[in-house]
Structure formats: C-alpha cells, structure tokens
file start-v1.cif (mmCIF, C-alpha atoms)
data_input
loop_
_atom_site.group_PDB
_atom_site.id
_atom_site.type_symbol
_atom_site.label_atom_id
_atom_site.label_comp_id
_atom_site.auth_asym_id
_atom_site.auth_seq_id
_atom_site.Cartn_x
_atom_site.Cartn_y
_atom_site.Cartn_z
ATOM 1 C CA MET A 1 11.154 8.012 -8.678
ATOM 2 C CA ASP A 2 12.434 11.600 -8.567
ATOM 3 C CA LEU A 3 13.976 10.888 -5.160
ATOM 4 C CA ARG A 4 15.593 7.671 -6.376
ATOM 5 C CA TYR A 5 17.185 9.297 -9.402
ATOM 6 C CA ALA A 6 18.219 12.523 -7.598
ATOM 7 C CA PRO A 7 21.608 11.293 -6.269
ATOM 8 C CA TYR A 8 22.626 10.164 -9.747
ATOM 9 C CA LEU A 9 21.465 13.397 -11.374
ATOM 10 C CA LYS A 10 23.747 15.303 -8.961
ATOM 11 C CA MET A 11 26.803 13.227 -9.934
ATOM 12 C CA GLY A 12 27.136 14.829 -13.333
ATOM 13 C CA GLY A 13 28.730 13.257 -16.376
ATOM 14 C CA ASP A 14 27.553 10.066 -18.041
ATOM 15 C CA VAL A 15 25.748 8.797 -14.947
ATOM 16 C CA ALA A 16 23.661 11.971 -14.694
ATOM 17 C CA HIS A 17 22.890 11.833 -18.421
ATOM 18 C CA LEU A 18 21.721 8.207 -18.114
ATOM 19 C CA ALA A 19 19.713 9.003 -14.966
ATOM 20 C CA LYS A 20 17.963 11.917 -16.695
ATOM 21 C CA GLN A 21 17.251 9.791 -19.760
ATOM 22 C CA ARG A 22 15.770 6.932 -17.699
ATOM 23 C CA LEU A 23 13.763 9.227 -15.405
ATOM 24 C CA ASP A 24 12.322 11.126 -18.386
ATOM 25 C CA ARG A 25 11.407 7.821 -20.059
ATOM 26 C CA TRP A 26 9.705 6.590 -16.876
ATOM 27 C CA LYS A 27 7.730 9.860 -16.559
ATOM 28 C CA GLU A 28 6.639 9.601 -20.189
ATOM 29 C CA MET A 29 5.430 6.010 -19.684
ATOM 30 C CA ALA A 30 3.603 6.945 -16.480
ATOM 31 C CA GLN A 31 1.874 9.894 -18.193
ATOM 32 C CA LYS A 32 0.796 7.739 -21.139
ATOM 33 C CA ALA A 33 -0.642 5.211 -18.702
ATOM 34 C CA GLU A 34 -2.973 7.845 -17.225
ATOM 35 C CA SER A 35 -4.829 8.118 -20.546
ATOM 36 C CA ARG A 36 -5.560 4.385 -20.805
ATOM 37 C CA LYS A 37 -8.940 2.935 -19.897
ATOM 38 C CA ASP A 38 -7.597 1.754 -16.510
ATOM 39 C CA PHE A 39 -6.320 5.319 -15.872
ATOM 40 C CA GLY A 40 -2.836 3.975 -15.182
ATOM 41 C CA VAL A 41 -3.843 2.344 -11.923
ATOM 42 C CA ALA A 42 -1.159 -0.095 -10.886
ATOM 43 C CA PRO A 43 -1.995 -3.763 -10.369
ATOM 44 C CA THR A 44 -2.309 -5.157 -6.878
ATOM 45 C CA LEU A 45 1.023 -5.846 -5.242
ATOM 46 C CA VAL A 46 1.605 -9.451 -4.309
ATOM 47 C CA GLY A 47 4.070 -10.711 -1.776
ATOM 48 C CA GLY A 48 5.244 -13.739 -3.668
ATOM 49 C CA SER A 49 5.871 -17.049 -2.015
ATOM 50 C CA LYS A 50 8.730 -19.392 -1.331
ATOM 51 C CA LYS A 51 7.003 -21.953 -3.551
ATOM 52 C CA HIS A 52 6.904 -19.629 -6.573
ATOM 53 C CA GLY A 53 10.329 -18.027 -6.209
ATOM 54 C CA GLY A 54 11.486 -14.698 -4.938
ATOM 55 C CA ALA A 55 9.711 -11.410 -4.670
ATOM 56 C CA ASP A 56 8.502 -9.767 -7.852
ATOM 57 C CA LEU A 57 5.482 -7.758 -8.953
ATOM 58 C CA GLY A 58 3.261 -10.712 -9.742
ATOM 59 C CA PRO A 59 2.252 -12.996 -12.597
ATOM 60 C CA SER A 60 2.831 -12.201 -16.277
ATOM 61 C CA ARG A 61 -0.273 -10.050 -16.704
ATOM 62 C CA ALA A 62 0.634 -7.930 -13.659
ATOM 63 C CA LYS A 63 4.232 -7.565 -14.864
ATOM 64 C CA ALA A 64 2.919 -6.393 -18.258
ATOM 65 C CA ALA A 65 0.706 -3.800 -16.533
ATOM 66 C CA TRP A 66 3.693 -2.581 -14.516
ATOM 67 C CA ALA A 67 5.719 -2.387 -17.745
ATOM 68 C CA ASN A 68 3.010 -0.095 -19.162
ATOM 69 C CA LEU A 69 3.732 2.165 -16.171
ATOM 70 C CA GLY A 70 7.460 2.110 -16.967
ATOM 71 C CA VAL A 71 8.358 -0.215 -14.090
ATOM 72 C CA SER A 72 10.208 -3.510 -14.398
ATOM 73 C CA GLY A 73 8.328 -6.182 -12.465
ATOM 74 C CA VAL A 74 10.975 -8.897 -12.473
ATOM 75 C CA GLY A 75 12.190 -8.276 -8.960
ATOM 76 C CA VAL A 76 12.544 -5.787 -6.155
ATOM 77 C CA ALA A 77 15.264 -3.150 -6.220
ATOM 78 C CA ASN A 78 17.791 -2.595 -3.506
ATOM 79 C CA SER A 79 17.504 0.587 -1.449
ATOM 80 C CA HIS A 80 19.808 3.404 -2.603
ATOM 81 C CA ASP A 81 22.457 2.591 0.017
ATOM 82 C CA GLU A 82 22.412 -1.120 -0.836
ATOM 83 C CA SER A 83 22.423 -0.333 -4.552
ATOM 84 C CA VAL A 84 25.570 1.785 -4.157
ATOM 85 C CA LYS A 85 27.189 -0.815 -1.889
ATOM 86 C CA LYS A 86 26.397 -3.700 -4.252
ATOM 87 C CA LYS A 87 26.856 -1.582 -7.412
ATOM 88 C CA SER A 88 23.421 -2.740 -8.587
ATOM 89 C CA GLN A 89 22.250 0.589 -10.071
ATOM 90 C CA ASP A 90 22.164 -0.855 -13.591
ATOM 91 C CA ARG A 91 19.911 -3.698 -12.403
ATOM 92 C CA ASP A 92 17.771 -1.640 -10.019
ATOM 93 C CA LEU A 93 17.358 1.715 -11.726
ATOM 94 C CA PHE A 94 18.974 2.008 -15.152
ATOM 95 C CA ARG A 95 17.730 -1.060 -16.982
ATOM 96 C CA GLU A 96 16.123 -0.543 -20.375
ATOM 97 C CA ALA A 97 12.857 -2.117 -19.156
ATOM 98 C CA GLY A 98 12.537 0.570 -16.479
ATOM 99 C CA PRO A 99 13.387 0.788 -12.805
ATOM 100 C CA MET A 100 12.342 -1.843 -10.313
ATOM 101 C CA LEU A 101 10.423 -0.738 -7.234
ATOM 102 C CA THR A 102 12.120 -0.693 -3.853
ATOM 103 C CA VAL A 103 10.481 -2.066 -0.719
ATOM 104 C CA GLU A 104 9.957 1.554 0.362
ATOM 105 C CA GLN A 105 8.133 2.417 -2.867
ATOM 106 C CA ALA A 106 5.974 -0.707 -2.601
ATOM 107 C CA ALA A 107 5.088 0.266 0.972
ATOM 108 C CA ILE A 108 4.069 3.762 -0.173
ATOM 109 C CA ILE A 109 1.877 2.225 -2.883
ATOM 110 C CA GLN A 110 0.226 0.024 -0.239
ATOM 111 C CA GLY A 111 -0.445 3.079 1.924
ATOM 112 C CA PHE A 112 2.020 2.451 4.756
ATOM 113 C CA PRO A 113 3.241 5.563 6.589
ATOM 114 C CA ASP A 114 6.785 6.677 5.685
ATOM 115 C CA ASN A 115 8.099 5.738 9.129
ATOM 116 C CA TRP A 116 6.761 2.147 9.112
ATOM 117 C CA LYS A 117 9.517 -0.397 9.737
ATOM 118 C CA PHE A 118 9.648 -3.870 8.223
ATOM 119 C CA SER A 119 11.973 -6.607 9.434
ATOM 120 C CA GLY A 120 14.215 -9.110 7.748
ATOM 121 C CA GLY A 121 15.948 -9.026 4.399
ATOM 122 C CA LYS A 122 14.690 -7.323 1.261
ATOM 123 C CA THR A 123 12.586 -10.275 0.075
ATOM 124 C CA ALA A 124 11.065 -10.840 3.530
ATOM 125 C CA GLN A 125 10.242 -7.136 3.781
ATOM 126 C CA TYR A 126 8.672 -7.088 0.322
ATOM 127 C CA ARG A 127 6.547 -10.118 1.228
ATOM 128 C CA GLN A 128 5.325 -8.280 4.343
ATOM 129 C CA VAL A 129 4.307 -5.314 2.174
ATOM 130 C CA GLY A 130 2.774 -7.365 -0.644
ATOM 131 C CA ASN A 131 0.855 -9.729 1.625
ATOM 132 C CA ALA A 132 -0.402 -6.970 3.917
ATOM 133 C CA PHE A 133 -3.926 -5.697 4.085
ATOM 134 C CA PRO A 134 -3.253 -2.083 2.999
ATOM 135 C CA PRO A 135 -3.550 0.280 5.981
ATOM 136 C CA PRO A 136 -5.980 2.709 4.261
ATOM 137 C CA VAL A 137 -8.260 -0.213 3.380
ATOM 138 C CA ALA A 138 -8.021 -1.566 6.930
ATOM 139 C CA ALA A 139 -8.936 1.887 8.270
ATOM 140 C CA ALA A 140 -11.919 2.134 5.904
ATOM 141 C CA VAL A 141 -13.169 -1.342 6.871
ATOM 142 C CA GLY A 142 -12.684 -0.589 10.583
ATOM 143 C CA ASN A 143 -14.549 2.720 10.268
ATOM 144 C CA ALA A 144 -17.406 1.044 8.371
ATOM 145 C CA ILE A 145 -17.735 -1.614 11.079
ATOM 146 C CA ALA A 146 -17.690 1.071 13.793
ATOM 147 C CA ASP A 147 -20.400 3.027 11.922
ATOM 148 C CA VAL A 148 -22.630 -0.053 11.742
ATOM 149 C CA LEU A 149 -22.117 -0.780 15.440
ATOM 150 C CA ARG A 150 -22.875 2.855 16.367
ATOM 151 C CA ALA A 151 -26.033 2.822 14.247
ATOM 152 C CA ALA A 152 -27.160 -0.451 15.840
ATOM 153 C CA ARG A 153 -26.559 0.976 19.321
ATOM 154 C CA GLU A 154 -28.466 4.181 18.511
ATOM 155 C CA HIS A 155 -31.355 2.133 17.134
ATOM 156 C CA ALA A 156 -31.431 -0.066 20.235
ATOM 157 C CA CYS A 157 -31.052 2.845 22.678
ATOM 158 C CA PRO A 158 -33.252 5.855 21.925
ATOM 159 C CA LYS A 159 -31.734 9.248 22.817
ATOM 160 C CA SER A 160 -33.685 9.427 26.107
ATOM 161 C CA VAL A 161 -32.338 6.104 27.340
ATOM 162 C CA PRO A 162 -28.683 7.118 27.920
ATOM 163 C CA ASP A 163 -29.951 9.552 30.602
ATOM 164 C CA ARG A 164 -31.292 6.521 32.482
ATOM 165 C CA LEU A 165 -27.953 4.693 32.386
ATOM 166 C CA LEU A 166 -26.188 4.216 35.686
ATOM 167 C CA PRO A 167 -22.505 5.120 35.952
ATOM 168 C CA ARG A 168 -20.363 2.496 34.185
ATOM 169 C CA GLN A 169 -23.450 0.913 32.629
ATOM 170 C CA SER A 170 -22.784 0.124 28.972
ATOM 171 C CA ALA A 171 -24.952 0.746 25.949
ATOM 172 C CA SER A 172 -25.445 -3.003 25.570
ATOM 173 C CA ALA A 173 -27.047 -2.993 29.019
ATOM 174 C CA CYS A 174 -29.247 -0.194 27.720
ATOM 175 C CA ALA A 175 -30.277 -2.318 24.751
ATOM 176 C CA ASP A 176 -31.070 -5.219 27.074
ATOM 177 C CA SER A 177 -33.108 -3.055 29.453
ATOM 178 C CA THR A 178 -34.993 -1.421 26.570
ATOM 179 C CA ASN A 179 -35.890 -4.813 25.136
ATOM 180 C CA ASP A 180 -36.876 -6.115 28.576
ATOM 181 C CA GLY A 181 -39.055 -3.054 29.180
ATOM 182 C CA GLU A 182 -40.775 -3.473 25.810
ATOM 183 C CA SER A 183 -41.482 -7.142 26.505
ATOM 184 C CA ALA A 184 -42.848 -6.378 29.990
ATOM 185 C CA ARG A 185 -45.328 -3.926 28.470
ATOM 186 C CA ALA A 186 -46.453 -6.412 25.856
#
call {"tool": "encode", "arguments": {"input": "start-v1.cif", "output": "structure tokens"}}
result
Amino acid sequence: MDLRYAPYLKMGGDVAHLAKQRLDRWKEMAQKAESRKDFGVAPTLVGGSKKHGGADLGPSRAKAAWANLGVSGVGVANSHDESVKKKSQDRDLFREAGPMLTVEQAAIIQGFPDNWKFSGGKTAQYRQVGNAFPPPVAAAVGNAIADVLRAAREHACPKSVPDRLLPRQSASACADSTNDGESARA
C-alpha cells in the first residue's frame, strides 16, 4: 500500500493530505487486525466467475474479513497508470471503505514472483490470480511428493545396490532387481 499511495503523497496539497489520511487509516486497520484471533490473516482469494459477476474479493463473509483489514472487497483496482488515465483514484484508492487491491497486490498475496506476467484485461488477470494454485503451495506439495518418492527409492534400493547399477540403469530397475533377487532366494 505504501507504494500505491507514494505518487499521491508526492503531489502535495489536498491530494497528498487525503492520501496520507487514507494510508494511515489503512495501516491502523491492518495493525488492529493482527491482534484478532485470526491474527489478521486475509481470506483466500477467489477468482470469481462469469456466472457470478465480475472480479471481487469473494462472498459477503470474505468481503467483511477484508474490510477488517482495511481493504474494500467490492472489486479490483486499476493499476496506478490505468487509475491516472481513467481518473479512478477515488474508486480505487481513496474510498471511505478502504482501497481495493490491484491485480499486482493480489498476485503478491498469492505468492507469485514480482516479474510474473498475466494476460488479458484486469478481470481476466485477476481470475488467473484468484483461481491459481498459489506457487508457494505448489512448491511445497511438489517437494513433499519428491521426498516421498526419494524415501521409497531409498527403501527399495539399499545403499550398496547403487554400486551394482549399470550405466544408465535407473533406480526403478534397481528396485526390480532387488525384489527379484529376494524372491529367488526365497
């Protein structure tokens, strides 16, 4: 939010005063949220659907949770450049109910890297973010699967067995040969 308000704070005058007032109010709401029983954790982002209207931050309960964090959940804000071009600062950033999130902010919340590119218009981009499997979660799931597969391979192939592998022979071949050798001895 600091980055979003910064250009308006630099303008001086009434705009800077309003920007400071709104940013301070948002920070106060966000700090209060940290002391609640949910520790101020934001609700899950949802991508919306064509059936249920445009992009927003979810059903009523989710919007109320976002409001407790000082964020208006009724839509998705334009980027700074678009906001200036469309003169939508009052809607996107200065509304009494708090600022709306931009697609970029939603992507950060979901764990996308800063340089990740989304395609299409604002609503299409927000749907891509909201409907995505968050990258940090995907990485954790992928690492957990890899750990299980490594453990299974190590169990199937004792440490002495890899020495007996031929060049380009895979660990699965090791597991097969170990099992075959055990059955031949039985």
call {"tool": "residues_around", "arguments": {"input": "start-v1.cif", "residues": "segment 86-98 of chain A", "least_positions_apart": "4", "cutoff": "9 Å", "atoms": "only C-alpha atoms", "output": "tab-separated table (two decimals) with C-alpha atoms, in the coordinates of the input"}}
result
chain	number	residue	atom	x	y	z
A	4	ARG	CA	15.59	7.67	-6.38
A	5	TYR	CA	17.18	9.30	-9.40
A	18	LEU	CA	21.72	8.21	-18.11
A	19	ALA	CA	19.71	9.00	-14.97
A	22	ARG	CA	15.77	6.93	-17.70
A	23	LEU	CA	13.76	9.23	-15.40
A	25	ARG	CA	11.41	7.82	-20.06
A	26	TRP	CA	9.70	6.59	-16.88
A	67	ALA	CA	5.72	-2.39	-17.74
A	69	LEU	CA	3.73	2.16	-16.17
A	70	GLY	CA	7.46	2.11	-16.97
A	71	VAL	CA	8.36	-0.22	-14.09
A	72	SER	CA	10.21	-3.51	-14.40
A	73	GLY	CA	8.33	-6.18	-12.46
A	75	GLY	CA	12.19	-8.28	-8.96
A	76	VAL	CA	12.54	-5.79	-6.16
A	77	ALA	CA	15.26	-3.15	-6.22
A	78	ASN	CA	17.79	-2.60	-3.51
A	79	SER	CA	17.50	0.59	-1.45
A	80	HIS	CA	19.81	3.40	-2.60
A	81	ASP	CA	22.46	2.59	0.02
A	82	GLU	CA	22.41	-1.12	-0.84
A	102	THR	CA	12.12	-0.69	-3.85
call {"tool": "closest_residue", "arguments": {"input": "start-v1.cif", "among": "A:Val137, A:Val84, A:Met29, A:Gln21", "to": "Asn68 of chain A", "atoms": "only C-alpha atoms"}}
result
A:Met29
call {"tool": "residues_near_point", "arguments": {"input": "start-v1.cif", "point": "(2.4, -9.4, -5.9)", "cutoff": "7 Å", "atoms": "only C-alpha atoms", "output": "count of residues only"}}
result
9
call {"tool": "resolve_selection", "arguments": {"input": "start-v1.cif", "expression": "the PyMOL selection byres ((chain A and resi 129) around 8)", "output": "list in words"}}
result
Gly47, Val103, Ala106, Ala107, Gln110, Gln125, Tyr126, Arg127, Gln128, Gly130, Asn131 and Ala132 of chain A
call {"tool": "residues_around", "arguments": {"input": "start-v1.cif", "residues": "Pro43 of chain A", "least_positions_apart": "4", "cutoff": "8 Å", "atoms": "all atoms listed in the file", "output": "PyMOL selection string"}}
result
chain A and resi 62+65-66
call {"tool": "closest_residue", "arguments": {"input": "start-v1.cif", "among": "A:Pro135, A:Cys157, A:Lys122, A:Ala6", "to": "Ile109 of chain A", "atoms": "only C-alpha atoms"}}
result
A:Pro135
call {"tool": "atom_distance", "arguments": {"input": "start-v1.cif", "atom1": "atom CA of Leu101 of chain A", "atom2": "atom CA of Gly142 of chain A"}}
result
29.2 Å
call {"tool": "atom_distance", "arguments": {"input": "start-v1.cif", "atom1": "atom CA of Thr123 of chain A", "atom2": "atom CA of Gln31 of chain A"}}
result
29.2 Å
call {"tool": "atom_distance", "arguments": {"input": "start-v1.cif", "atom1": "atom CA of Ala64 of chain A", "atom2": "atom CA of Val41 of chain A"}}
result
12.7 Å
